[in-house]
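**Student:** To be precise about what I am sending: the file is called run09.cif and holds mmCIF, C-alpha atoms and all ligand atoms.
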```cif
data_work
#
loop_
_atom_site.label_atom_id
_atom_site.label_comp_id
_atom_site.auth_asym_id
_atom_site.auth_seq_id
_atom_site.Cartn_x
_atom_site.Cartn_y
_atom_site.Cartn_z
CA MET A 1 -5.28 18.05 -47.66
CA GLY A 2 -4.82 21.07 -45.41
CA VAL A 3 -3.17 18.85 -42.83
CA MET A 4 -0.80 17.38 -45.40
CA VAL A 5 0.27 20.83 -46.55
CA ASN A 6 0.89 21.84 -42.95
CA VAL A 7 2.89 18.71 -42.27
CA LEU A 8 4.92 19.18 -45.42
CA GLU A 9 5.52 22.82 -44.56
CA CYS A 10 6.82 21.81 -41.15
CA TYR A 11 9.32 19.42 -42.69
CA GLU A 12 10.43 21.62 -45.54
CA PHE A 13 12.86 23.67 -43.51
CA PRO A 14 14.71 20.88 -41.64
CA LEU A 15 15.08 18.83 -44.83
CA SER A 16 16.54 21.65 -46.89
CA LYS A 17 18.74 22.59 -43.93
CA ILE A 18 20.15 19.06 -43.76
CA THR A 19 20.83 19.05 -47.50
CA THR A 20 22.63 22.40 -47.20
CA ASP A 21 24.67 21.13 -44.23
CA LEU A 22 25.59 17.95 -46.11
CA GLN A 23 26.63 19.90 -49.18
CA ARG A 24 28.69 22.19 -46.99
CA LEU A 25 30.31 19.26 -45.18
CA TYR A 26 31.24 17.68 -48.50
CA GLU A 27 32.76 20.96 -49.79
CA ASP A 28 34.65 21.55 -46.55
CA THR A 29 36.00 18.00 -46.53
CA GLU A 30 37.28 18.30 -50.09
CA ILE A 31 38.76 21.79 -49.65
CA LEU A 32 40.44 20.84 -46.38
CA GLN A 33 41.93 17.69 -47.92
CA TYR A 34 43.15 19.76 -50.86
CA PHE A 35 44.95 22.12 -48.45
CA TYR A 36 46.29 19.08 -46.60
CA CYS A 37 47.68 17.51 -49.79
CA LEU A 38 49.32 20.78 -50.82
CA ARG A 39 50.94 21.20 -47.40
CA HIS A 40 52.24 17.62 -47.43
CA ASP A 41 53.26 17.40 -51.10
CA LEU A 42 50.64 14.74 -51.74
CA ASP A 43 48.71 14.24 -54.94
CA PHE A 44 45.07 15.33 -54.45
CA GLY A 45 44.20 13.13 -57.43
CA ARG A 46 40.80 14.60 -58.23
CA LYS A 47 39.06 17.86 -59.01
CA LEU A 48 37.54 20.13 -56.38
CA PRO A 49 33.71 20.12 -56.34
CA ASN A 50 32.19 22.33 -58.99
CA THR A 51 30.73 24.82 -56.54
CA GLU A 52 31.47 28.50 -56.09
CA ARG A 53 33.15 28.05 -52.69
CA ALA A 54 35.34 25.16 -53.79
CA GLN A 55 36.32 26.75 -57.08
CA LYS A 56 37.54 29.84 -55.19
CA CYS A 57 40.27 27.55 -53.84
CA ALA A 58 41.13 26.06 -57.22
CA ASN A 59 44.26 28.18 -57.70
CA ILE A 60 45.75 28.09 -54.21
CA ALA A 61 48.48 25.70 -55.44
CA SER A 62 50.19 28.64 -57.17
CA LEU A 63 50.31 30.79 -54.03
CA SER A 64 53.44 31.44 -52.00
CA GLU A 65 53.61 29.57 -48.70
CA ILE A 66 52.67 32.57 -46.58
CA LYS A 67 49.68 33.37 -48.79
CA LEU A 68 48.62 29.73 -48.77
CA LEU A 69 48.72 29.68 -44.97
CA ARG A 70 46.68 32.87 -44.87
CA GLU A 71 44.07 31.31 -47.17
CA LEU A 72 44.03 28.17 -45.01
CA ASP A 73 43.60 30.27 -41.88
CA ARG A 74 40.69 32.14 -43.44
CA PHE A 75 39.09 28.87 -44.55
CA LEU A 76 39.49 27.26 -41.10
CA SER A 77 37.95 30.28 -39.37
CA GLU A 78 34.75 29.65 -41.35
CA LEU A 79 34.45 25.99 -40.34
CA PRO A 80 31.75 25.11 -37.81
CA LYS A 81 33.05 24.71 -34.26
CA PHE A 82 32.52 21.63 -32.16
CA PRO A 83 31.81 21.86 -28.42
CA MET A 84 33.88 20.17 -25.74
CA GLU A 85 32.74 19.43 -22.21
CA LEU A 86 34.11 18.26 -18.90
CA THR A 87 32.98 14.90 -17.56
CA ILE A 88 33.92 12.17 -15.09
CA ASP A 89 35.05 8.82 -16.46
CA GLU A 90 34.41 5.32 -15.05
CA LEU A 91 37.39 5.70 -12.70
CA GLY A 92 36.13 9.00 -11.32
CA GLU A 93 38.77 11.06 -13.17
CA LEU A 94 37.85 14.36 -14.75
CA LYS A 95 38.34 14.47 -18.49
CA ILE A 96 37.51 16.60 -21.51
CA ILE A 97 35.36 14.98 -24.16
CA PRO A 98 33.53 16.31 -27.21
CA GLY A 99 29.95 17.34 -26.39
CA PHE A 100 28.28 16.92 -29.75
CA ASN A 101 24.76 18.15 -30.38
CA SER A 102 24.51 16.94 -33.94
CA VAL A 103 25.93 14.45 -36.35
CA PHE A 104 27.54 17.37 -38.20
CA GLU A 105 29.56 18.45 -35.18
CA ALA A 106 30.71 14.84 -34.88
CA ALA A 107 31.64 14.83 -38.55
CA TYR A 108 33.65 18.07 -38.28
CA TYR A 109 35.43 16.73 -35.22
CA ALA A 110 36.32 13.53 -37.09
CA LEU A 111 37.51 15.66 -40.02
CA ALA A 112 39.66 17.79 -37.70
CA ARG A 113 41.18 14.69 -36.13
CA PHE A 114 41.94 13.40 -39.59
CA VAL A 115 44.04 16.41 -40.62
CA ALA A 116 45.45 17.50 -37.27
CA VAL A 117 47.78 15.70 -34.94
CA SER A 118 47.73 17.65 -31.75
CA PRO A 119 49.37 16.49 -28.53
CA ASP A 120 46.77 18.54 -26.66
CA ALA A 121 43.83 16.77 -28.23
CA PRO A 122 41.91 14.62 -25.77
CA THR A 123 43.26 11.10 -26.01
CA HIS A 124 40.89 8.20 -26.13
CA ASP A 125 41.63 4.54 -26.46
CA GLY A 126 38.91 4.42 -29.08
CA GLY A 127 41.53 3.83 -31.77
CA LYS A 128 40.94 5.12 -35.24
CA THR A 129 37.18 5.32 -34.98
CA PRO A 130 36.42 7.03 -31.68
CA LEU A 131 32.80 7.53 -32.72
CA ALA A 132 30.17 4.84 -32.44
CA ILE A 133 26.41 4.49 -32.66
CA CYS A 134 24.72 3.47 -29.43
CA GLU A 135 23.08 0.03 -29.73
CA SER A 136 20.29 1.17 -27.44
CA CYS A 137 19.24 4.71 -28.45
CA GLY A 138 21.00 4.99 -31.82
CA LYS A 139 22.72 8.26 -30.94
CA ILE A 140 26.29 8.97 -31.97
CA PHE A 141 28.62 9.00 -28.99
CA PHE A 142 32.29 9.17 -28.19
CA LYS A 143 33.78 5.85 -27.13
CA ASN A 144 35.68 5.75 -23.84
CA GLY A 145 37.11 2.39 -24.79
CA ASN A 146 37.49 0.24 -27.86
CA ARG A 147 34.62 -2.08 -27.13
CA GLN A 148 32.04 0.35 -25.81
CA LYS A 149 28.76 -0.26 -27.62
CA TYR A 150 26.40 1.89 -25.56
CA CYS A 151 26.49 5.62 -24.88
CA ASP A 152 26.87 7.09 -21.39
CA ASP A 153 23.17 7.77 -20.98
CA PRO A 154 22.04 6.07 -17.73
CA GLU A 155 19.02 4.54 -19.53
CA CYS A 156 21.31 2.99 -22.15
CA LYS A 157 23.61 1.64 -19.44
CA LYS A 158 20.58 0.02 -17.81
CA GLU A 159 19.59 -1.45 -21.18
CA ARG A 160 23.13 -2.79 -21.65
CA ASN A 161 22.99 -4.48 -18.25
CA ARG A 162 19.56 -5.96 -19.00
CA ARG A 163 20.87 -7.42 -22.28
CA LYS A 164 24.00 -8.74 -20.56
CA ALA A 165 21.84 -10.40 -17.90
CA ARG A 166 19.63 -11.99 -20.58
CA THR A 167 22.68 -13.31 -22.48
CA ALA A 168 24.15 -14.69 -19.26
CA TYR A 169 20.81 -16.34 -18.42
CA ARG A 170 20.54 -17.93 -21.87
CA LYS A 171 24.10 -19.20 -21.54
CA ARG A 172 23.30 -20.80 -18.17
CA VAL A 173 20.17 -22.44 -19.62
CA ASN A 174 22.18 -23.72 -22.62
CA ASP A 175 24.98 -25.02 -20.43
CA ALA A 176 22.52 -26.77 -18.15
CA SER A 177 20.76 -28.51 -21.05
CA GLN A 178 23.99 -29.96 -22.43
ZN ZN A 201 22.36 5.43 -25.94
#
```
When written as structure tokens, how does the structure in this file appear?
Ligand SMILES: [Zn+2]

**Tutor:**
Amino acid sequence: MGVMVNVLECYEFPLSKITTDLQRLYEDTEILQYFYCLRHDLDFGRKLPNTERAQKCANIASLSEIKLLRELDRFLSELPKFPMELTIDELGELKIIPGFNSVFEAAYYALARFVAVSPDAPTHDGGKTPLAICESCGKIFFKNGNRQKYCDDPECKKERNRRKARTAYRKRVNDASQ
């Protein structure tokens, strides 16, 4: 029993932290989309979440443009930041890519990409969904190309090559037996 309590105590903090982060992500997504709709004369089409933070933004539609921008600026300054890092791609070129440490940073980056079109943003040929889940380690990573299924971790690259070799071997065996 004592062990169970200790185990539960250990997990209490991370679990409640994740719930808080999720709640916050949901609020931020809704508020940001509300701002986005107002700025682009689009119909938001639903109510803001019934939370204190979201309801503070409920009347921004009646603000003058300059006040609305000020509110938006204040809201954006409170959003979590996402790290970027310098890396070398397959061709040996230096490039800037997101260096996420958590699924939430990835989510905020995806959210930012959704509302912002910046010519300075790192371009990837990953299309509309630049994020993928590695088929080897299960981590979220940033795709360098459309068809990338494994992250850049050397172990996962080795795993990818092993699986490729196995598939190629099976194909040879199948071809030979036909
Ligand atoms: Zn991986």

**Student:** Name the residues in contact with segment 58-74 of chain A at a cut-off of 8 Å, using only C-alpha atoms, excluding same-chain residues fewer than 2 positions from it; report them as number ranges by chain.

**Tutor:** A: 35, 38, 48, 54-56, 76-78

**Student:** Go ahead and dump the residues you just picked, C-alpha atoms, as a PDB file, in the frame of the given file.

**Tutor:**
```pdb
ATOM      1  CA  PHE A  35      44.950  22.120 -48.450  1.00  0.00           C
ATOM      2  CA  LEU A  38      49.320  20.780 -50.820  1.00  0.00           C
ATOM      3  CA  LEU A  48      37.540  20.130 -56.380  1.00  0.00           C
ATOM      4  CA  ALA A  54      35.340  25.160 -53.790  1.00  0.00           C
ATOM      5  CA  GLN A  55      36.320  26.750 -57.080  1.00  0.00           C
ATOM      6  CA  LYS A  56      37.540  29.840 -55.190  1.00  0.00           C
ATOM      7  CA  LEU A  76      39.490  27.260 -41.100  1.00  0.00           C
ATOM      8  CA  SER A  77      37.950  30.280 -39.370  1.00  0.00           C
ATOM      9  CA  GLU A  78      34.750  29.650 -41.350  1.00  0.00           C
TER      10      GLU A  78
END
```

**Student:** Ligand ZN 201 (chain A): which residues are within 12 Å, counting all atoms listed in the file, as an NGL selection string?

**Tutor:** :A and (132-143 or 148-160)

**Student:** Can you tell me how far atom CA of Glu85 of chain A sits from atom CA of Gly99 of chain A, in Å to one decimal?

**Tutor:**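 Between atom CA of Glu85 of chain A and atom CA of Gly99 of chain A the gap is 5.4 Å.
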
**Student:** Please report the interatomic distance between atom CA of Leu25 of chain A and atom CA of Cys57 of chain A in Å with one decimal.

**Tutor:**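 Going from atom CA of Leu25 of chain A over to atom CA of Cys57 of chain A covers 15.6 Å.
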
**Student:** My list of candidates is A:Leu32, A:Thr167, A:Pro98, A:Glu105. Which is closest to Leu86 of chain A when distances are computed with all atoms listed in the file?

**Tutor:**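 Closest to Leu86 of chain A, using all atoms listed in the file: A:Pro98.
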
**Student:** Take atom CA of Pro83 of chain A and atom CA of Tyr36 of chain A and report the distance between them in Å, one decimal.

**Tutor:**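 One can read the atom CA of Pro83 of chain A to atom CA of Tyr36 of chain A distance as 23.4 Å.
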
**Student:** Please return the centre and edge lengths, in Å to one decimal, of a box with edges along x, y and z that contains all listed atoms of segment 171-176 of chain A, widened by 3 Å on every side, as JSON.

**Tutor:**
```
{"center_x": 22.6, "center_y": -23.0, "center_z": -20.4, "size_x": 10.8, "size_y": 13.6, "size_z": 10.5}
```

**Student:** Select, from A:Val173, A:Ala112, A:Phe104, A:Gly92, the residue with the minimum atom-to-atom distance to Leu22 of chain A, counting only C-alpha atoms.

**Tutor:**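 Answer, going by the shortest atom-to-atom distance: A:Phe104.
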
**Student:** Measuring atom to atom with all atoms listed in the file, identify which of A:Tyr108, A:Val115, A:Thr87, A:Asp175 is nearest to Tyr34 of chain A.

**Tutor:**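 Ranking A:Tyr108, A:Val115, A:Thr87, A:Asp175 by distance to Tyr34 of chain A, first place goes to A:Val115.
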
**Student:** Given the choices A:Lys95, A:Arg24, A:Arg162, A:Lys81, which gets closest to Tyr109 of chain A if the distance is worked out from only C-alpha atoms?

**Tutor:** A:Lys81

**Student:** Generate the coordinates of N, CA, C and O atoms for segment 144-155 of chain A; report them as an mmCIF file, in the coordinates of the input.

**Tutor:**
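The resulting result31.cif:
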```
data_model
loop_
_atom_site.group_PDB
_atom_site.id
_atom_site.type_symbol
_atom_site.label_atom_id
_atom_site.label_comp_id
_atom_site.auth_asym_id
_atom_site.auth_seq_id
_atom_site.Cartn_x
_atom_site.Cartn_y
_atom_site.Cartn_z
ATOM 1 N N ASN A 144 34.651 5.664 -24.872
ATOM 2 C CA ASN A 144 35.680 5.750 -23.840
ATOM 3 C C ASN A 144 36.684 4.610 -23.991
ATOM 4 O O ASN A 144 37.809 4.685 -23.535
ATOM 5 N N GLY A 145 36.253 3.553 -24.588
ATOM 6 C CA GLY A 145 37.110 2.390 -24.790
ATOM 7 C C GLY A 145 36.782 1.754 -26.121
ATOM 8 O O GLY A 145 35.767 2.080 -26.735
ATOM 9 N N ASN A 146 37.637 0.861 -26.553
ATOM 10 C CA ASN A 146 37.490 0.240 -27.860
ATOM 11 C C ASN A 146 36.191 -0.510 -28.039
ATOM 12 O O ASN A 146 35.609 -0.518 -29.110
ATOM 13 N N ARG A 147 35.733 -1.156 -26.952
ATOM 14 C CA ARG A 147 34.620 -2.080 -27.130
ATOM 15 C C ARG A 147 33.289 -1.516 -26.655
ATOM 16 O O ARG A 147 32.299 -2.230 -26.597
ATOM 17 N N GLN A 148 33.282 -0.239 -26.310
ATOM 18 C CA GLN A 148 32.040 0.350 -25.810
ATOM 19 C C GLN A 148 30.974 0.382 -26.897
ATOM 20 O O GLN A 148 31.213 0.872 -28.000
ATOM 21 N N LYS A 149 29.814 -0.198 -26.606
ATOM 22 C CA LYS A 149 28.760 -0.260 -27.620
ATOM 23 C C LYS A 149 27.551 0.590 -27.248
ATOM 24 O O LYS A 149 26.631 0.755 -28.042
ATOM 25 N N TYR A 150 27.529 1.079 -26.009
ATOM 26 C CA TYR A 150 26.400 1.890 -25.560
ATOM 27 C C TYR A 150 26.906 3.254 -25.102
ATOM 28 O O TYR A 150 28.020 3.353 -24.569
ATOM 29 N N CYS A 151 26.080 4.286 -25.286
ATOM 30 C CA CYS A 151 26.490 5.620 -24.880
ATOM 31 C C CYS A 151 26.424 5.748 -23.352
ATOM 32 O O CYS A 151 26.043 4.804 -22.660
ATOM 33 N N ASP A 152 26.780 6.918 -22.841
ATOM 34 C CA ASP A 152 26.870 7.090 -21.390
ATOM 35 C C ASP A 152 25.539 7.425 -20.728
ATOM 36 O O ASP A 152 25.479 7.643 -19.528
ATOM 37 N N ASP A 153 24.490 7.500 -21.522
ATOM 38 C CA ASP A 153 23.170 7.770 -20.980
ATOM 39 C C ASP A 153 22.795 6.679 -19.966
ATOM 40 O O ASP A 153 22.921 5.498 -20.261
ATOM 41 N N PRO A 154 22.364 7.071 -18.759
ATOM 42 C CA PRO A 154 22.040 6.070 -17.730
ATOM 43 C C PRO A 154 21.023 5.032 -18.218
ATOM 44 O O PRO A 154 21.141 3.851 -17.894
ATOM 45 N N GLU A 155 20.028 5.473 -19.022
ATOM 46 C CA GLU A 155 19.020 4.540 -19.530
ATOM 47 C C GLU A 155 19.667 3.483 -20.420
ATOM 48 O O GLU A 155 19.298 2.311 -20.388
#
```
